[in-house]
$ cat target.cif   # mmCIF, C-alpha atoms and all ligand atoms
data_input
#
loop_
_atom_site.label_atom_id
_atom_site.label_comp_id
_atom_site.auth_asym_id
_atom_site.auth_seq_id
_atom_site.Cartn_x
_atom_site.Cartn_y
_atom_site.Cartn_z
CA MET L 872 0.00 0.00 0.00
CA ASP L 873 1.31 3.47 -0.77
CA GLU L 874 0.85 6.40 1.64
CA GLN L 875 -2.49 7.51 0.17
CA GLN L 876 -3.88 3.98 0.29
CA GLN L 877 -2.75 3.64 3.93
CA LYS L 878 -4.45 6.95 4.77
CA GLN L 879 -7.65 5.76 3.09
CA TRP L 880 -7.51 2.37 4.84
CA LEU L 881 -7.11 3.99 8.25
CA LEU L 882 -9.99 6.40 7.58
CA GLU L 883 -12.27 3.57 6.45
CA HIS L 884 -11.36 1.70 9.66
CA ALA L 885 -11.56 4.78 11.93
CA ASN L 886 -13.78 3.04 14.45
CA GLU L 887 -11.41 0.07 14.80
CA VAL L 888 -8.33 2.35 14.95
CA LEU L 889 -9.72 4.54 17.74
CA LYS L 890 -11.03 1.56 19.70
CA ARG L 891 -7.65 -0.14 19.43
CA VAL L 892 -5.75 2.84 20.88
CA GLY L 893 -8.17 2.88 23.81
CA ILE L 894 -10.89 5.50 23.27
CA ALA L 895 -13.78 4.39 25.47
CA PRO L 896 -17.33 5.36 26.50
CA GLY L 897 -17.69 8.53 28.56
CA GLN L 898 -14.40 10.14 27.49
CA VAL L 899 -13.77 13.64 26.14
CA VAL L 900 -11.92 13.79 22.81
CA VAL L 901 -10.53 16.70 20.78
CA ASP L 902 -10.02 16.00 17.07
CA PHE L 903 -7.73 18.88 16.11
CA GLY L 904 -7.71 19.47 12.34
CA CYS L 905 -10.74 17.21 11.99
CA GLY L 906 -11.34 17.97 8.30
CA ARG L 907 -14.58 16.34 7.12
CA GLY L 908 -14.67 14.49 10.43
CA GLY L 909 -14.23 10.79 9.66
CA TYR L 910 -12.35 10.30 12.95
CA ALA L 911 -14.53 12.73 14.93
CA LEU L 912 -17.66 10.80 13.90
CA ALA L 913 -16.05 7.48 14.87
CA ALA L 914 -14.91 8.94 18.21
CA SER L 915 -18.40 10.28 18.84
CA ARG L 916 -19.88 6.79 18.41
CA LEU L 917 -17.22 5.28 20.71
CA VAL L 918 -17.56 7.77 23.60
CA GLY L 919 -21.37 7.61 23.47
CA GLU L 920 -23.91 9.84 25.20
CA GLU L 921 -21.82 10.30 28.33
CA GLY L 922 -18.80 11.45 26.36
CA ARG L 923 -18.03 14.46 24.16
CA VAL L 924 -16.06 15.11 20.99
CA TYR L 925 -14.79 18.53 19.94
CA ALA L 926 -14.22 18.55 16.18
CA VAL L 927 -11.83 21.46 15.62
CA ASP L 928 -10.78 23.00 12.33
CA ARG L 929 -9.81 26.37 10.88
CA ASP L 930 -11.66 25.67 7.63
CA LEU L 931 -15.36 26.57 7.85
CA GLU L 932 -16.20 24.70 4.66
CA VAL L 933 -15.08 21.31 5.99
CA LEU L 934 -16.97 21.94 9.23
CA GLU L 935 -20.10 22.68 7.18
CA GLU L 936 -19.60 19.40 5.31
CA LEU L 937 -19.31 17.62 8.65
CA ARG L 938 -22.48 19.33 9.89
CA GLY L 939 -24.27 17.97 6.82
CA GLN L 940 -23.29 14.39 7.72
CA LEU L 941 -24.24 14.55 11.40
CA PRO L 942 -27.03 12.20 12.40
CA ASP L 943 -29.77 14.04 14.36
CA ASP L 944 -29.09 12.04 17.51
CA MET L 945 -25.35 12.79 17.62
CA SER L 946 -25.53 15.51 20.24
CA ASN L 947 -22.13 14.71 21.78
CA LEU L 948 -20.18 16.11 18.82
CA ILE L 949 -19.40 19.81 19.01
CA MET L 950 -17.87 21.60 16.06
CA VAL L 951 -15.33 24.30 16.84
CA HIS L 952 -14.02 26.78 14.31
CA VAL L 953 -10.62 28.13 15.36
CA LYS L 954 -8.70 31.08 13.98
CA ASN L 955 -5.62 30.43 16.08
CA ILE L 956 -4.50 27.53 18.21
CA THR L 957 -6.06 28.55 21.49
CA LEU L 958 -8.82 26.15 22.51
CA ARG L 959 -11.57 27.47 24.73
CA LEU L 960 -11.43 24.41 26.92
CA ASP L 961 -10.61 24.12 30.61
CA ALA L 962 -7.18 22.94 31.66
CA SER L 963 -6.95 19.19 32.34
CA SER L 964 -10.38 18.47 30.85
CA VAL L 965 -9.67 16.11 27.94
CA GLU L 966 -8.79 12.40 27.82
CA TRP L 967 -7.79 12.15 24.16
CA ILE L 968 -6.45 14.47 21.49
CA LEU L 969 -6.35 13.29 17.88
CA LEU L 970 -3.80 14.81 15.51
CA PHE L 971 -4.41 12.97 12.26
CA ASP L 972 -2.47 14.21 9.24
CA VAL L 973 -2.40 17.78 10.49
CA LEU L 974 0.80 18.59 12.40
CA HIS L 975 2.78 19.23 9.22
CA MET L 976 0.29 22.03 8.36
CA VAL L 977 0.64 23.88 11.66
CA GLU L 978 3.34 26.56 11.53
CA GLU L 979 3.46 27.13 15.28
CA SER L 980 3.43 23.45 16.22
CA ASP L 981 5.35 24.06 19.48
CA LEU L 982 2.64 26.49 20.59
CA LEU L 983 -0.07 24.02 19.57
CA LEU L 984 1.54 21.18 21.54
CA HIS L 985 1.82 23.49 24.55
CA GLU L 986 -1.91 24.32 24.30
CA LEU L 987 -2.80 20.64 23.89
CA ALA L 988 -0.72 19.79 26.97
CA ARG L 989 -2.74 22.40 28.90
CA VAL L 990 -6.15 20.90 28.07
CA LEU L 991 -5.08 17.25 28.43
CA LYS L 992 -5.69 15.48 31.73
CA PRO L 993 -2.52 14.18 33.46
CA ASP L 994 -3.49 10.64 32.40
CA GLY L 995 -4.75 11.82 28.99
CA GLN L 996 -3.16 10.77 25.70
CA LEU L 997 -2.40 12.23 22.32
CA CYS L 998 -2.92 10.04 19.26
CA VAL L 999 -1.02 11.04 16.12
CA TYR L 1000 -1.11 9.93 12.52
CA PRO L 1001 2.06 11.68 11.38
CA MET L 1002 1.58 11.67 7.63
CA HIS L 1003 4.24 13.83 5.91
CA LEU L 1004 6.43 13.86 9.05
CA SER L 1005 9.21 11.49 10.01
CA VAL L 1006 8.65 9.60 13.23
CA GLU L 1007 12.04 10.89 14.48
CA THR L 1008 11.08 14.55 13.91
CA LEU L 1009 7.71 13.98 15.53
CA THR L 1010 9.14 12.18 18.56
CA ASP L 1011 11.72 14.98 19.08
CA ASP L 1012 9.00 17.66 18.84
CA MET L 1013 6.81 15.73 21.23
CA GLN L 1014 9.63 15.23 23.71
CA ARG L 1015 10.38 18.96 23.69
CA ALA L 1016 6.70 19.57 24.45
CA GLY L 1017 6.81 17.11 27.36
CA PHE L 1018 5.29 13.99 25.78
CA ALA L 1019 6.73 10.47 25.65
CA LEU L 1020 5.89 7.74 23.14
CA ALA L 1021 3.55 5.25 24.84
CA GLN L 1022 2.05 3.05 22.10
CA GLU L 1023 2.62 2.23 18.42
CA HIS L 1024 -0.03 0.63 16.21
CA TYR L 1025 -0.39 -0.37 12.57
CA GLN L 1026 3.36 -0.76 11.97
CA GLY L 1027 4.13 2.59 13.59
CA GLN L 1028 1.62 4.60 11.57
CA ILE L 1029 -0.48 5.45 14.61
CA LEU L 1030 1.47 6.72 17.60
CA VAL L 1031 0.19 7.48 21.08
CA PHE L 1032 2.01 9.91 23.37
CA SER L 1033 1.51 10.49 27.09
CA PRO L 1034 2.46 13.55 29.13
CA GLN L 1035 5.78 12.91 30.90
CA ALA L 1036 5.32 12.95 34.64
CA ASP L 1037 8.33 15.23 35.19
CA ALA L 1038 7.58 17.66 32.30
C1 LIG D 1101 -5.11 16.82 5.68
S1 LIG D 1101 -6.52 17.32 6.58
C2 LIG D 1101 -6.77 15.93 7.69
C3 LIG D 1101 -8.18 15.83 8.16
C4 LIG D 1101 -8.48 14.68 9.14
N1 LIG D 1101 -7.74 14.85 10.38
C5 LIG D 1101 -8.18 13.34 8.52
O1 LIG D 1101 -7.15 12.74 8.83
O2 LIG D 1101 -8.99 12.88 7.71
C6 LIG D 1101 -5.88 18.56 7.71
C7 LIG D 1101 -6.95 19.43 8.34
O3 LIG D 1101 -6.34 20.22 9.36
C8 LIG D 1101 -6.85 21.53 9.31
N2 LIG D 1101 -5.85 22.45 9.89
C9 LIG D 1101 -4.59 22.70 9.44
N3 LIG D 1101 -3.98 23.59 10.23
C10 LIG D 1101 -4.85 23.91 11.21
C11 LIG D 1101 -4.81 24.81 12.32
N4 LIG D 1101 -3.74 25.55 12.58
N5 LIG D 1101 -5.91 24.90 13.11
C12 LIG D 1101 -7.00 24.14 12.85
N6 LIG D 1101 -7.12 23.29 11.81
C13 LIG D 1101 -6.06 23.18 10.99
C14 LIG D 1101 -7.09 21.77 7.84
O4 LIG D 1101 -8.05 22.81 7.64
C15 LIG D 1101 -7.61 20.40 7.38
O5 LIG D 1101 -9.01 20.31 7.48
#

$ encode --input "target.cif" --output "structure tokens"
Amino acid sequence: MDEQQQKQWLLEHANEVLKRVGIAPGQVVVDFGCGRGGYALAASRLVGEEGRVYAVDRDLEVLEELRGQLPDDMSNLIMVHVKNITLRLDASSVEWILLFDVLHMVEESDLLLHELARVLKPDGQLCVYPMHLSVETLTDDMQRAGFALAQEHYQGQILVFSPQADA
């Protein structure tokens, strides 16, 4: 499979991917750079009525497309349009952050990782699909931001980072 086919496969298996990393009922998830929301929709189904998913993007058009796909009963998915990387979420309020094929597009990625560390609970986790980035570059950036690699899935395509206790 080439890179595009892998991306498509993961998206088509979004439910399985998110379940495998550990997203569970009742949790709060931020999908940063959600695009048309394939992963946000899967996360919304996994966390259920007691959970919440914030689908965040800077592009209003993709958020409108996502709105068009939302089933009426999916009230746990909240779309958030951002102009910068500050999230209007409380500190330590989120169990999971998804960064799927987006980090390479963010110019101020250090600032973003700092903001994500703020909203993540101490036992929260950050799940990354680092398309267009080398794993070494990503791991270095994450370490600088205070995250350590905790899990690898799908031959290292999906990486999960945890906040370092001493960061
Ligand atoms: C390549 S798409 C990936 C979409 C989705 N995560 C997926 O894997 O299917 C990247 C998305 O990130 C969004 N994005 C890029 N930089 C962003 C930023 N600084 N703030 C919010 N969204 C951003 C883009 O608008 C785009 O919708």

$ closest_residue --input "target.cif" --among "L:Arg891, L:Arg907, L:His1024, L:Arg929" --to "Leu958 (chain L)" --atoms "only C-alpha atoms"
L:Arg929

$ closest_atom_pairs --input "target.cif" --of "chain L" --to "ligand LIG 1101 (chain D)" --cutoff "6 Å" --atoms "only C-alpha atoms and all ligand atoms" --output "CSV"
residue,atom,partner,partner_atom,distance
L:Gly904,CA,D:LIG1101,O3,3.4
L:Cys905,CA,D:LIG1101,N1,4.1
L:Gly906,CA,D:LIG1101,O5,3.4
L:Gly909,CA,D:LIG1101,O2,6.0
L:Asp928,CA,D:LIG1101,N6,3.7
L:Arg929,CA,D:LIG1101,C12,4.1
L:Asp930,CA,D:LIG1101,O4,4.6
L:Val953,CA,D:LIG1101,C12,5.9
L:Ile956,CA,D:LIG1101,N5,5.9
L:Phe971,CA,D:LIG1101,N1,4.3
L:Asp972,CA,D:LIG1101,C2,4.9
L:Val973,CA,D:LIG1101,C6,4.5
L:Met976,CA,D:LIG1101,N3,4.9
L:Val977,CA,D:LIG1101,N4,4.8

$ residues_around --input "target.cif" --residues "region 980-985 of chain L" --least-positions-apart "5" --cutoff "9 Å" --atoms "only C-alpha atoms" --output "PyMOL selection string"
chain L and resi 956-957+974-975+1012-1013+1015-1017

$ residues_around --input "target.cif" --residues "Val888 (chain L)" --least-positions-apart "3" --cutoff "12 Å" --atoms "all atoms listed in the file" --output "list in words"
Lys878, Trp880, Leu881, Leu882, Glu883, His884, Ala885, Arg891, Val892, Gly893, Ile894, Gly909, Tyr910, Ala913, Ala914, Leu917, Leu969, Phe971, Cys998, Val999, Tyr1000, Glu1023, His1024, Tyr1025, Gln1028, Ile1029, Leu1030 and Val1031 of chain L

$ atom_distance --input "target.cif" --atom1 "CA of Asn886 (chain L)" --atom2 "CA of Glu986 (chain L)"
26.3 Å

$ residues_around --input "target.cif" --residues "region 938-942 of chain L" --least-positions-apart "6" --cutoff "10 Å" --atoms "only C-alpha atoms" --output "PyMOL selection string"
chain L and resi 907-909+912+932+948-950

$ atom_distance --input "target.cif" --atom1 "CA of Val933 (chain L)" --atom2 "CA of Gly995 (chain L)"
26.9 Å

$ closest_residue --input "target.cif" --among "L:Ala962, L:Ala1021, L:Val901, L:Leu970" --to "Val990 (chain L)" --atoms "only C-alpha atoms"
L:Ala962

$ axis_aligned_box --input "target.cif" --around "region 967-976 of chain L" --padding-each-side "4 Å" --output "lines of an AutoDock Vina configuration file"
center_x = -2.5
center_y = 17.1
center_z = 16.3
size_x = 18.6
size_y = 17.9
size_z = 23.8

$ atom_distance --input "target.cif" --atom1 "CA of Leu997 (chain L)" --atom2 "CA of Glu978 (chain L)"
18.8 Å

$ residues_near_point --input "target.cif" --point "(-23.4, 16.9, 20.0)" --cutoff "12 Å" --atoms "only C-alpha atoms" --output "list of chain:residue names"
L:Val899, L:Ala911, L:Leu912, L:Ala914, L:Ser915, L:Arg916, L:Val918, L:Gly919, L:Glu920, L:Glu921, L:Gly922, L:Arg923, L:Val924, L:Tyr925, L:Ala926, L:Arg938, L:Leu941, L:Pro942, L:Asp943, L:Asp944, L:Met945, L:Ser946, L:Asn947, L:Leu948, L:Ile949, L:Met950, L:Val951

$ closest_residue --input "target.cif" --among "L:Glu966, L:Glu936, L:Asp1011, L:Asp873" --to "Leu987 (chain L)" --atoms "only C-alpha atoms"
L:Glu966

$ closest_residue --input "target.cif" --among "L:Ala1036, L:Leu960, L:Met1002, L:Leu1020" --to "Gln876 (chain L)" --atoms "all atoms listed in the file"
L:Met1002

$ closest_residue --input "target.cif" --among "L:Phe1018, L:Gly1027, L:Asp994, L:Lys890" --to "Val1006 (chain L)" --atoms "all atoms listed in the file"
L:Gly1027

$ build_atoms --input "target.cif" --residues "region 923-940 of chain L" --atoms "N, CA and C atoms" --output "PDB file, keeping the file's coordinate frame"
ATOM      1  N   ARG L 923     -17.933  13.270  25.014  1.00  0.00           N
ATOM      2  CA  ARG L 923     -18.030  14.460  24.160  1.00  0.00           C
ATOM      3  C   ARG L 923     -16.852  14.480  23.185  1.00  0.00           C
ATOM      4  N   VAL L 924     -17.126  14.967  21.987  1.00  0.00           N
ATOM      5  CA  VAL L 924     -16.060  15.110  20.990  1.00  0.00           C
ATOM      6  C   VAL L 924     -16.077  16.537  20.473  1.00  0.00           C
ATOM      7  N   TYR L 925     -14.930  17.203  20.535  1.00  0.00           N
ATOM      8  CA  TYR L 925     -14.790  18.530  19.940  1.00  0.00           C
ATOM      9  C   TYR L 925     -14.076  18.344  18.600  1.00  0.00           C
ATOM     10  N   ALA L 926     -14.777  18.660  17.530  1.00  0.00           N
ATOM     11  CA  ALA L 926     -14.220  18.550  16.180  1.00  0.00           C
ATOM     12  C   ALA L 926     -13.749  19.955  15.784  1.00  0.00           C
ATOM     13  N   VAL L 927     -12.417  20.122  15.745  1.00  0.00           N
ATOM     14  CA  VAL L 927     -11.830  21.460  15.620  1.00  0.00           C
ATOM     15  C   VAL L 927     -11.164  21.623  14.260  1.00  0.00           C
ATOM     16  N   ASP L 928     -11.466  22.710  13.598  1.00  0.00           N
ATOM     17  CA  ASP L 928     -10.780  23.000  12.330  1.00  0.00           C
ATOM     18  C   ASP L 928     -10.798  24.500  12.074  1.00  0.00           C
ATOM     19  N   ARG L 929      -9.846  24.945  11.239  1.00  0.00           N
ATOM     20  CA  ARG L 929      -9.810  26.370  10.880  1.00  0.00           C
ATOM     21  C   ARG L 929     -10.589  26.632   9.585  1.00  0.00           C
ATOM     22  N   ASP L 930     -11.008  25.547   8.927  1.00  0.00           N
ATOM     23  CA  ASP L 930     -11.660  25.670   7.630  1.00  0.00           C
ATOM     24  C   ASP L 930     -13.181  25.496   7.814  1.00  0.00           C
ATOM     25  N   LEU L 931     -13.900  26.616   7.629  1.00  0.00           N
ATOM     26  CA  LEU L 931     -15.360  26.570   7.850  1.00  0.00           C
ATOM     27  C   LEU L 931     -16.059  25.618   6.895  1.00  0.00           C
ATOM     28  N   GLU L 932     -15.526  25.546   5.663  1.00  0.00           N
ATOM     29  CA  GLU L 932     -16.200  24.700   4.660  1.00  0.00           C
ATOM     30  C   GLU L 932     -16.226  23.241   5.075  1.00  0.00           C
ATOM     31  N   VAL L 933     -15.085  22.732   5.609  1.00  0.00           N
ATOM     32  CA  VAL L 933     -15.080  21.310   5.990  1.00  0.00           C
ATOM     33  C   VAL L 933     -15.991  21.080   7.194  1.00  0.00           C
ATOM     34  N   LEU L 934     -16.064  22.090   8.080  1.00  0.00           N
ATOM     35  CA  LEU L 934     -16.970  21.940   9.230  1.00  0.00           C
ATOM     36  C   LEU L 934     -18.425  21.915   8.757  1.00  0.00           C
ATOM     37  N   GLU L 935     -18.735  22.707   7.733  1.00  0.00           N
ATOM     38  CA  GLU L 935     -20.100  22.680   7.180  1.00  0.00           C
ATOM     39  C   GLU L 935     -20.408  21.322   6.562  1.00  0.00           C
ATOM     40  N   GLU L 936     -19.400  20.741   5.886  1.00  0.00           N
ATOM     41  CA  GLU L 936     -19.600  19.400   5.310  1.00  0.00           C
ATOM     42  C   GLU L 936     -19.871  18.390   6.415  1.00  0.00           C
ATOM     43  N   LEU L 937     -19.110  18.539   7.519  1.00  0.00           N
ATOM     44  CA  LEU L 937     -19.310  17.620   8.650  1.00  0.00           C
ATOM     45  C   LEU L 937     -20.707  17.822   9.227  1.00  0.00           C
ATOM     46  N   ARG L 938     -21.129  19.073   9.360  1.00  0.00           N
ATOM     47  CA  ARG L 938     -22.480  19.330   9.890  1.00  0.00           C
ATOM     48  C   ARG L 938     -23.533  18.608   9.051  1.00  0.00           C
ATOM     49  N   GLY L 939     -23.317  18.611   7.732  1.00  0.00           N
ATOM     50  CA  GLY L 939     -24.270  17.970   6.820  1.00  0.00           C
ATOM     51  C   GLY L 939     -24.354  16.458   7.003  1.00  0.00           C
ATOM     52  N   GLN L 940     -23.294  15.855   7.558  1.00  0.00           N
ATOM     53  CA  GLN L 940     -23.290  14.390   7.720  1.00  0.00           C
ATOM     54  C   GLN L 940     -23.765  13.952   9.091  1.00  0.00           C
TER      55      GLN L 940
END
